[in-house]
file structure-v5.txt (compact mmCIF, C-alpha atoms)
# COMPACT_ATOMS: atom_id res chain seq x y z
CA MET A 247 -13.58 3.14 -47.19
CA ASP A 248 -15.75 0.14 -46.42
CA LEU A 249 -17.82 0.99 -43.32
CA VAL A 250 -20.06 -1.51 -41.51
CA LEU A 251 -22.45 -0.13 -38.89
CA ILE A 252 -23.51 -2.76 -36.37
CA SER A 253 -26.60 -2.20 -34.25
CA GLY A 254 -29.41 -4.20 -32.73
CA LEU A 255 -31.10 -5.20 -29.52
CA SER A 256 -29.06 -5.66 -26.36
CA GLY A 257 -28.30 -9.35 -26.03
CA SER A 258 -28.70 -10.08 -29.74
CA GLY A 259 -24.98 -10.64 -30.37
CA LYS A 260 -23.56 -7.27 -31.46
CA SER A 261 -20.29 -7.82 -29.59
CA ILE A 262 -19.87 -11.23 -31.20
CA ALA A 263 -20.45 -9.71 -34.64
CA LEU A 264 -17.91 -6.94 -34.00
CA ASN A 265 -15.35 -9.44 -32.73
CA MET A 266 -15.82 -11.49 -35.90
CA LEU A 267 -15.31 -8.41 -38.06
CA GLU A 268 -12.16 -7.60 -36.11
CA ASP A 269 -10.92 -11.11 -36.85
CA LEU A 270 -11.63 -10.43 -40.53
CA GLY A 271 -9.32 -7.41 -40.42
CA TYR A 272 -11.80 -4.60 -39.71
CA TYR A 273 -10.88 -1.67 -37.48
CA CYS A 274 -13.66 -1.80 -34.87
CA ILE A 275 -15.18 0.77 -32.52
CA ASP A 276 -17.89 -0.29 -30.05
CA ASN A 277 -20.63 1.81 -28.44
CA LEU A 278 -20.01 5.01 -30.38
CA PRO A 279 -22.64 7.69 -29.68
CA ALA A 280 -24.76 8.05 -32.81
CA SER A 281 -24.21 11.82 -32.81
CA LEU A 282 -20.46 11.26 -33.35
CA LEU A 283 -20.88 8.78 -36.20
CA GLY A 284 -20.46 11.29 -39.02
CA THR A 285 -17.38 12.93 -37.51
CA VAL A 286 -15.62 9.66 -36.70
CA ALA A 287 -16.44 7.98 -40.02
CA ARG A 288 -15.17 10.94 -42.06
CA SER A 289 -12.01 11.09 -39.97
CA LEU A 290 -11.31 7.43 -40.69
CA ALA A 291 -12.09 7.85 -44.39
CA GLU A 292 -9.75 10.85 -44.72
CA SER A 293 -6.86 9.07 -43.04
CA ASP A 294 -3.94 7.99 -45.21
CA SER A 295 -3.56 4.79 -43.19
CA ALA A 296 -4.65 1.55 -44.86
CA HIS A 297 -5.50 0.39 -41.33
CA TYR A 298 -8.91 2.07 -41.67
CA GLU A 299 -9.77 0.83 -45.16
CA HIS A 300 -12.30 -1.55 -43.60
CA ALA A 301 -13.99 -0.29 -40.44
CA ALA A 302 -16.91 -1.36 -38.26
CA ILE A 303 -18.73 0.75 -35.68
CA GLY A 304 -21.14 -0.53 -33.05
CA ILE A 305 -24.10 1.63 -32.05
CA ASP A 306 -26.54 0.58 -29.35
CA ALA A 307 -29.25 1.86 -27.03
CA ARG A 308 -26.76 3.60 -24.73
CA SER A 309 -26.70 6.57 -27.13
CA VAL A 310 -28.92 9.58 -26.52
CA ALA A 311 -32.46 8.80 -27.67
CA ASP A 312 -32.79 11.78 -30.01
CA ASP A 313 -29.61 10.79 -31.85
CA PHE A 314 -31.31 7.74 -33.38
CA LYS A 315 -33.81 9.86 -35.29
CA SER A 316 -31.03 11.42 -37.35
CA PHE A 317 -29.28 8.11 -38.02
CA PRO A 318 -30.77 7.51 -41.53
CA ASP A 319 -29.70 11.01 -42.65
CA ILE A 320 -26.19 10.52 -41.25
CA ALA A 321 -25.78 7.15 -42.99
CA GLN A 322 -27.05 8.59 -46.28
CA SER A 323 -24.72 11.57 -46.00
CA LEU A 324 -21.75 9.26 -45.49
CA SER A 325 -22.77 7.20 -48.48
CA ASN A 326 -23.13 10.34 -50.61
CA SER A 327 -19.58 11.34 -49.64
CA GLY A 328 -18.17 8.20 -51.24
CA ILE A 329 -17.99 5.91 -48.21
CA SER A 330 -19.39 2.42 -48.76
CA VAL A 331 -21.85 2.13 -45.88
CA ARG A 332 -23.69 -1.00 -44.80
CA VAL A 333 -26.02 -1.14 -41.82
CA VAL A 334 -26.29 -4.52 -40.07
CA PHE A 335 -29.14 -4.94 -37.57
CA LEU A 336 -29.36 -7.87 -35.15
CA GLN A 337 -32.67 -8.76 -33.55
CA THR A 338 -33.89 -11.53 -31.26
CA GLU A 339 -37.34 -12.52 -30.03
CA THR A 340 -38.22 -11.24 -26.57
CA PRO A 341 -38.51 -14.66 -24.77
CA THR A 342 -34.99 -15.53 -25.91
CA LEU A 343 -33.63 -12.17 -24.76
CA LEU A 344 -35.27 -12.61 -21.36
CA LYS A 345 -33.61 -16.01 -21.04
CA ARG A 346 -30.21 -14.70 -22.10
CA PHE A 347 -30.26 -11.86 -19.59
CA SER A 348 -31.38 -14.18 -16.80
CA GLU A 349 -28.60 -16.65 -17.57
CA THR A 350 -25.80 -14.08 -17.82
CA ARG A 351 -27.07 -11.77 -15.06
CA ARG A 352 -26.27 -8.84 -17.31
CA LYS A 353 -28.16 -5.59 -16.82
CA HIS A 354 -30.11 -4.23 -19.76
CA PRO A 355 -29.01 -0.63 -20.52
CA LEU A 356 -32.59 0.67 -20.33
CA THR A 357 -33.60 -0.97 -17.04
CA GLY A 358 -33.74 1.01 -13.83
CA HIS A 359 -36.10 3.51 -12.26
CA GLY A 360 -38.75 0.82 -11.90
CA ILE A 361 -38.59 -0.35 -15.54
CA ALA A 362 -38.92 -4.13 -15.89
CA LEU A 363 -36.68 -6.06 -18.28
CA SER A 364 -39.56 -6.91 -20.66
CA GLN A 365 -40.52 -3.23 -20.85
CA ALA A 366 -36.90 -2.21 -21.43
CA ILE A 367 -36.68 -4.61 -24.39
CA SER A 368 -39.92 -3.21 -25.82
CA ASP A 369 -38.68 0.36 -25.39
CA GLU A 370 -35.39 -0.52 -27.06
CA ARG A 371 -37.16 -1.92 -30.12
CA ILE A 372 -38.97 1.39 -30.56
CA LEU A 373 -35.80 3.39 -29.91
CA LEU A 374 -33.84 1.50 -32.57
CA GLU A 375 -36.54 1.56 -35.26
CA PRO A 376 -34.77 4.23 -37.37
CA ILE A 377 -31.64 2.06 -37.53
CA ALA A 378 -33.58 -1.14 -38.22
CA ALA A 379 -35.40 0.57 -41.09
CA SER A 380 -32.04 1.61 -42.60
CA ALA A 381 -30.47 -1.86 -42.45
CA GLN A 382 -29.31 -3.63 -45.59
CA ILE A 383 -28.38 -6.77 -43.64
CA TYR A 384 -30.84 -8.08 -41.07
CA ILE A 385 -29.92 -11.04 -38.87
CA ASP A 386 -32.26 -12.84 -36.48
CA THR A 387 -30.22 -14.52 -33.73
CA THR A 388 -33.13 -16.10 -31.85
CA GLN A 389 -31.98 -19.63 -32.70
CA THR A 390 -28.35 -18.81 -33.46
CA ASN A 391 -25.45 -19.78 -31.22
CA LEU A 392 -22.09 -18.00 -31.02
CA HIS A 393 -20.41 -20.08 -33.72
CA GLN A 394 -23.36 -19.84 -36.11
CA LEU A 395 -23.50 -16.06 -35.73
CA ARG A 396 -19.79 -15.72 -36.41
CA GLN A 397 -20.25 -17.79 -39.56
CA LEU A 398 -23.23 -15.68 -40.68
CA VAL A 399 -21.21 -12.49 -40.27
CA ARG A 400 -18.28 -14.02 -42.16
CA GLU A 401 -20.47 -15.19 -45.05
CA ARG A 402 -22.39 -11.96 -45.47
CA ILE A 403 -19.43 -9.62 -45.18
CA THR A 404 -17.37 -11.83 -47.50
CA ALA A 405 -20.26 -11.91 -49.94
CA HIS A 406 -20.15 -8.11 -50.19
CA ASN A 407 -16.39 -7.86 -50.60
CA GLU A 408 -16.37 -10.41 -53.41
CA SER A 409 -17.99 -9.78 -56.77
CA GLY A 410 -21.56 -10.87 -57.32
CA CYS A 411 -24.48 -11.71 -55.09
CA SER A 412 -24.21 -14.57 -52.59
CA LEU A 413 -27.15 -16.97 -52.87
CA VAL A 414 -28.05 -18.92 -49.72
CA PHE A 415 -30.52 -21.81 -49.57
CA GLU A 416 -31.60 -22.40 -45.97
CA SER A 417 -33.67 -25.37 -44.81
CA PHE A 418 -35.73 -25.16 -41.63
CA GLY A 419 -38.47 -26.93 -39.69
CA TYR A 420 -41.81 -25.19 -39.23
CA LYS A 421 -42.12 -26.76 -35.79
CA ASN A 422 -39.28 -24.44 -34.69
CA GLY A 423 -40.61 -21.32 -36.40
CA VAL A 424 -39.97 -19.53 -39.68
CA PRO A 425 -36.63 -17.68 -39.97
CA SER A 426 -37.19 -13.94 -40.26
CA ASP A 427 -33.89 -12.87 -41.84
CA VAL A 428 -34.65 -14.33 -45.29
CA ASP A 429 -35.90 -12.96 -48.61
CA PHE A 430 -38.10 -15.82 -49.85
CA VAL A 431 -39.89 -18.56 -47.89
CA PHE A 432 -41.29 -21.69 -49.55
CA ASP A 433 -43.31 -24.48 -47.92
CA ALA A 434 -42.44 -28.10 -48.78
CA ARG A 435 -44.88 -29.75 -46.35
CA CYS A 436 -47.22 -30.69 -49.19
CA LEU A 437 -44.64 -33.16 -50.54
CA PRO A 438 -44.44 -36.89 -49.71
CA ASN A 439 -42.67 -37.22 -46.36
CA PRO A 440 -39.77 -39.70 -45.93
CA PHE A 441 -40.41 -39.50 -42.19
CA TRP A 442 -43.22 -42.04 -42.56
CA GLU A 443 -40.80 -44.57 -44.05
CA THR A 444 -39.31 -46.30 -40.99
CA SER A 445 -35.93 -46.90 -42.60
CA LEU A 446 -35.63 -43.26 -43.73
CA ARG A 447 -36.80 -41.60 -40.52
CA PRO A 448 -33.35 -41.25 -38.84
CA LEU A 449 -31.71 -40.04 -42.08
CA THR A 450 -31.63 -36.57 -43.66
CA GLY A 451 -32.12 -35.09 -47.10
CA ARG A 452 -28.40 -35.45 -47.72
CA ASP A 453 -28.45 -39.25 -47.44
CA ASP A 454 -28.60 -41.35 -50.59
CA ALA A 455 -31.68 -43.35 -49.55
CA VAL A 456 -33.72 -40.20 -48.89
CA ILE A 457 -32.49 -38.61 -52.10
CA ALA A 458 -33.55 -41.70 -54.09
CA PHE A 459 -36.98 -41.69 -52.42
CA LEU A 460 -37.62 -38.03 -53.19
CA ASP A 461 -36.14 -38.24 -56.71
CA ASP A 462 -38.91 -40.71 -57.56
CA GLN A 463 -41.74 -38.37 -56.45
CA PRO A 464 -43.36 -36.39 -59.32
CA LEU A 465 -44.58 -33.66 -56.95
CA VAL A 466 -41.08 -33.14 -55.63
CA ASN A 467 -39.64 -32.76 -59.11
CA GLU A 468 -42.43 -30.39 -60.09
CA LEU A 469 -41.83 -28.10 -57.11
CA LYS A 470 -38.09 -28.21 -57.65
CA GLN A 471 -38.51 -27.12 -61.26
CA ASN A 472 -41.00 -24.39 -60.35
CA LEU A 473 -38.61 -22.96 -57.75
CA THR A 474 -35.73 -23.08 -60.22
CA ASP A 475 -37.71 -21.23 -62.88
CA PHE A 476 -38.94 -18.63 -60.39
CA LEU A 477 -35.46 -17.92 -59.03
CA ARG A 478 -33.87 -17.83 -62.49
CA GLN A 479 -36.28 -15.03 -63.34
CA TRP A 480 -35.93 -12.98 -60.16
CA ILE A 481 -32.33 -13.36 -58.98
CA PRO A 482 -31.07 -10.95 -61.68
CA ARG A 483 -33.52 -8.30 -60.41
CA PHE A 484 -31.93 -8.47 -56.97
CA THR A 485 -28.41 -8.50 -58.40
CA GLU A 486 -29.19 -5.32 -60.33
CA GLN A 487 -29.88 -3.61 -56.99
CA ASN A 488 -26.35 -4.42 -55.74
CA ARG A 489 -27.59 -6.89 -53.16
CA SER A 490 -24.80 -8.57 -51.20
CA TYR A 491 -26.77 -11.73 -50.59
CA LEU A 492 -30.14 -13.34 -51.22
CA THR A 493 -31.53 -15.99 -48.88
CA VAL A 494 -34.13 -18.53 -49.96
CA ALA A 495 -35.66 -20.49 -47.08
CA ILE A 496 -37.45 -23.80 -47.64
CA GLY A 497 -39.29 -25.42 -44.79
CA CYS A 498 -40.84 -28.77 -43.99
CA THR A 499 -42.24 -30.08 -40.72
CA GLY A 500 -38.99 -31.00 -38.97
CA GLY A 501 -36.38 -29.52 -41.30
CA GLN A 502 -34.67 -32.86 -41.76
CA HIS A 503 -35.75 -34.46 -45.05
CA ARG A 504 -37.71 -32.57 -47.73
CA SER A 505 -36.39 -29.06 -47.11
CA VAL A 506 -32.79 -30.29 -46.82
CA TYR A 507 -33.14 -32.25 -50.06
CA LEU A 508 -34.55 -29.26 -51.97
CA CYS A 509 -31.90 -26.86 -50.67
CA GLU A 510 -29.10 -29.20 -51.67
CA LYS A 511 -30.61 -29.79 -55.13
CA LEU A 512 -31.20 -26.09 -55.78
CA ALA A 513 -27.73 -25.16 -54.53
CA ALA A 514 -26.19 -27.70 -56.91
CA GLU A 515 -28.30 -26.35 -59.77
CA PHE A 516 -27.38 -22.70 -59.22
CA ARG A 517 -23.69 -23.39 -58.65
CA GLN A 518 -23.54 -24.02 -62.39
CA THR A 519 -24.26 -20.35 -63.12
CA GLU A 520 -23.69 -18.37 -59.88
CA ASN A 521 -20.35 -17.72 -58.19
CA HIS A 522 -21.34 -17.79 -54.53
CA VAL A 523 -23.93 -20.40 -53.57
CA MET A 524 -24.36 -21.99 -50.14
CA ALA A 525 -26.74 -24.53 -48.61
CA VAL A 526 -27.26 -24.25 -44.85
CA HIS A 527 -29.53 -26.38 -42.68
CA ARG A 528 -30.79 -24.76 -39.51
CA GLU A 529 -32.12 -27.87 -37.82
CA LEU A 530 -29.06 -29.97 -38.65
CA GLY A 531 -26.73 -27.57 -36.81

call {"tool": "encode", "arguments": {"input": "structure-v5.txt", "output": "structure tokens"}}
result
Amino acid sequence: MDLVLISGLSGSGKSIALNMLEDLGYYCIDNLPASLLGTVARSLAESDSAHYEHAAIGIDARSVADDFKSFPDIAQSLSNSGISVRVVFLQTETPTLLKRFSETRRKHPLTGHGIALSQAISDERILLEPIAASAQIYIDTTQTNLHQLRQLVRERITAHNESGCSLVFESFGYKNGVPSDVDFVFDARCLPNPFWETSLRPLTGRDDAVIAFLDDQPLVNELKQNLTDFLRQWIPRFTEQNRSYLTVAIGCTGGQHRSVYLCEKLAAEFRQTENHVMAVHRELG
């Protein structure tokens, strides 16, 4: 049985992730007490019904606090019994969570008895640490909308179910922060910037004029080759560890020109030898 365990901070998008998995054909259970995880998972695995071949279970802070401490042992025991277990953890920065709760008027499960929302979020982070430490897939939804999260879940679950490791090149702008759910981060701000060319400023790294400009820059070609050589050497090491996906983030100031260009170029290069390669651009939506 393929079992996905979804957890994370309240307000980070767990329900959206579970709904997406249900759309992908997974049998989904939400808000299962962590203490019942082993019993329920084994019951599903022992069933003769193909309906439970792919299952997803949501676990959140509404479980009993002491149950979380045993979570890593439960997950390992399930894996040892022959169940394919993946733990997905969703996290979001506190200011974004505060905004989400204020906009939806939802009540955080740990508020009450004089506990402020900010304190409840902090307590929840500590409570869920055993699950976060066990996660194989870690998704930061701070700057992710509903549709982007659904796509992330689709890509990463699909990447596991298909053969090989999915390689994702993600461009971003440093002015909006560094993405936290990535494996490698490279800085392209040292390269010549098309932004200072008036005619190129409104374009992106996918437009022909910007591509031509950056193609002519020796520093750009040097960095591109260095990144290619580095990844050619290290991608096989990750693949050997049965990784479902590997994300390489490349940032520039605004995430519009240099980082987009490099991600597109590297994606095109690695599509020649890898089966599952994607280029995504955070700042371009």

call {"tool": "residues_around", "arguments": {"input": "structure-v5.txt", "residues": "Gly497 (chain A)", "least_positions_apart": "2", "cutoff": "7 Å", "atoms": "all atoms listed in the file", "output": "PyMOL selection string"}}
result
chain A and resi 417-420+432-434+495+499+501+505

call {"tool": "write_last_selection", "arguments": {"input": "structure-v5.txt", "atoms": "C-alpha atoms", "output": "short mmCIF file (atom, residue, chain, number, x, y, z; two decimals), keeping the file's coordinate frame"}}
result
data_model
loop_
_atom_site.label_atom_id
_atom_site.label_comp_id
_atom_site.auth_asym_id
_atom_site.auth_seq_id
_atom_site.Cartn_x
_atom_site.Cartn_y
_atom_site.Cartn_z
CA SER A 417 -33.67 -25.37 -44.81
CA PHE A 418 -35.73 -25.16 -41.63
CA GLY A 419 -38.47 -26.93 -39.69
CA TYR A 420 -41.81 -25.19 -39.23
CA PHE A 432 -41.29 -21.69 -49.55
CA ASP A 433 -43.31 -24.48 -47.92
CA ALA A 434 -42.44 -28.10 -48.78
CA ALA A 495 -35.66 -20.49 -47.08
CA THR A 499 -42.24 -30.08 -40.72
CA GLY A 501 -36.38 -29.52 -41.30
CA SER A 505 -36.39 -29.06 -47.11
#

call {"tool": "residues_near_point", "arguments": {"input": "structure-v5.txt", "point": "(-36.3, -41.9, -44.0)", "cutoff": "12 Å", "atoms": "only C-alpha atoms", "output": "PyMOL selection string"}}
result
chain A and resi 438-460+502-504+507

call {"tool": "closest_residue", "arguments": {"input": "structure-v5.txt", "among": "A:Glu268, A:Asp386, A:Asp319, A:Glu510", "to": "Glu416 (chain A)", "atoms": "only C-alpha atoms"}}
result
A:Glu510

call {"tool": "closest_residue", "arguments": {"input": "structure-v5.txt", "among": "A:Leu473, A:Pro279, A:Gly257, A:Cys498", "to": "Lys353 (chain A)", "atoms": "only C-alpha atoms"}}
result
A:Gly257

call {"tool": "residues_around", "arguments": {"input": "structure-v5.txt", "residues": "region 294-310 of chain A", "least_positions_apart": "3", "cutoff": "7 Å", "atoms": "only C-alpha atoms", "output": "list in words"}}
result
Met247, Asp248, Leu249, Val250, Leu251, Ile252, Ser253, Gly254, Tyr272, Tyr273, Cys274, Ile275, Asp276, Asn277, Leu278, Pro279, Ala280, Leu290, Asp313, Pro355 and Glu370 of chain A

call {"tool": "residues_around", "arguments": {"input": "structure-v5.txt", "residues": "Lys345 (chain A)", "least_positions_apart": "4", "cutoff": "12 Å", "atoms": "only C-alpha atoms", "output": "ChimeraX atom specification"}}
result
/A:257-258,338-341,349-352,363-364,388

call {"tool": "residues_near_point", "arguments": {"input": "structure-v5.txt", "point": "(-22.8, -12.8, -33.2)", "cutoff": "12 Å", "atoms": "only C-alpha atoms", "output": "number ranges by chain"}}
result
A: 252-267, 334-338, 385-400

call {"tool": "closest_residue", "arguments": {"input": "structure-v5.txt", "among": "A:Gly358, A:Leu508, A:Ser368, A:Gln518", "to": "Gln471 (chain A)", "atoms": "only C-alpha atoms"}}
result
A:Leu508

call {"tool": "atom_distance", "arguments": {"input": "structure-v5.txt", "atom1": "CA of Val424 (chain A)", "atom2": "CA of Thr493 (chain A)"}}
result
13.0 Å

call {"tool": "atom_distance", "arguments": {"input": "structure-v5.txt", "atom1": "CA of Val466 (chain A)", "atom2": "CA of Leu437 (chain A)"}}
result
6.2 Å

call {"tool": "closest_residue", "arguments": {"input": "structure-v5.txt", "among": "A:Val431, A:Ala525, A:Leu512, A:Val414", "to": "Asn467 (chain A)", "atoms": "all atoms listed in the file"}}
result
A:Leu512

call {"tool": "atom_distance", "arguments": {"input": "structure-v5.txt", "atom1": "CA of Ala378 (chain A)", "atom2": "CA of Val333 (chain A)"}}
result
8.4 Å
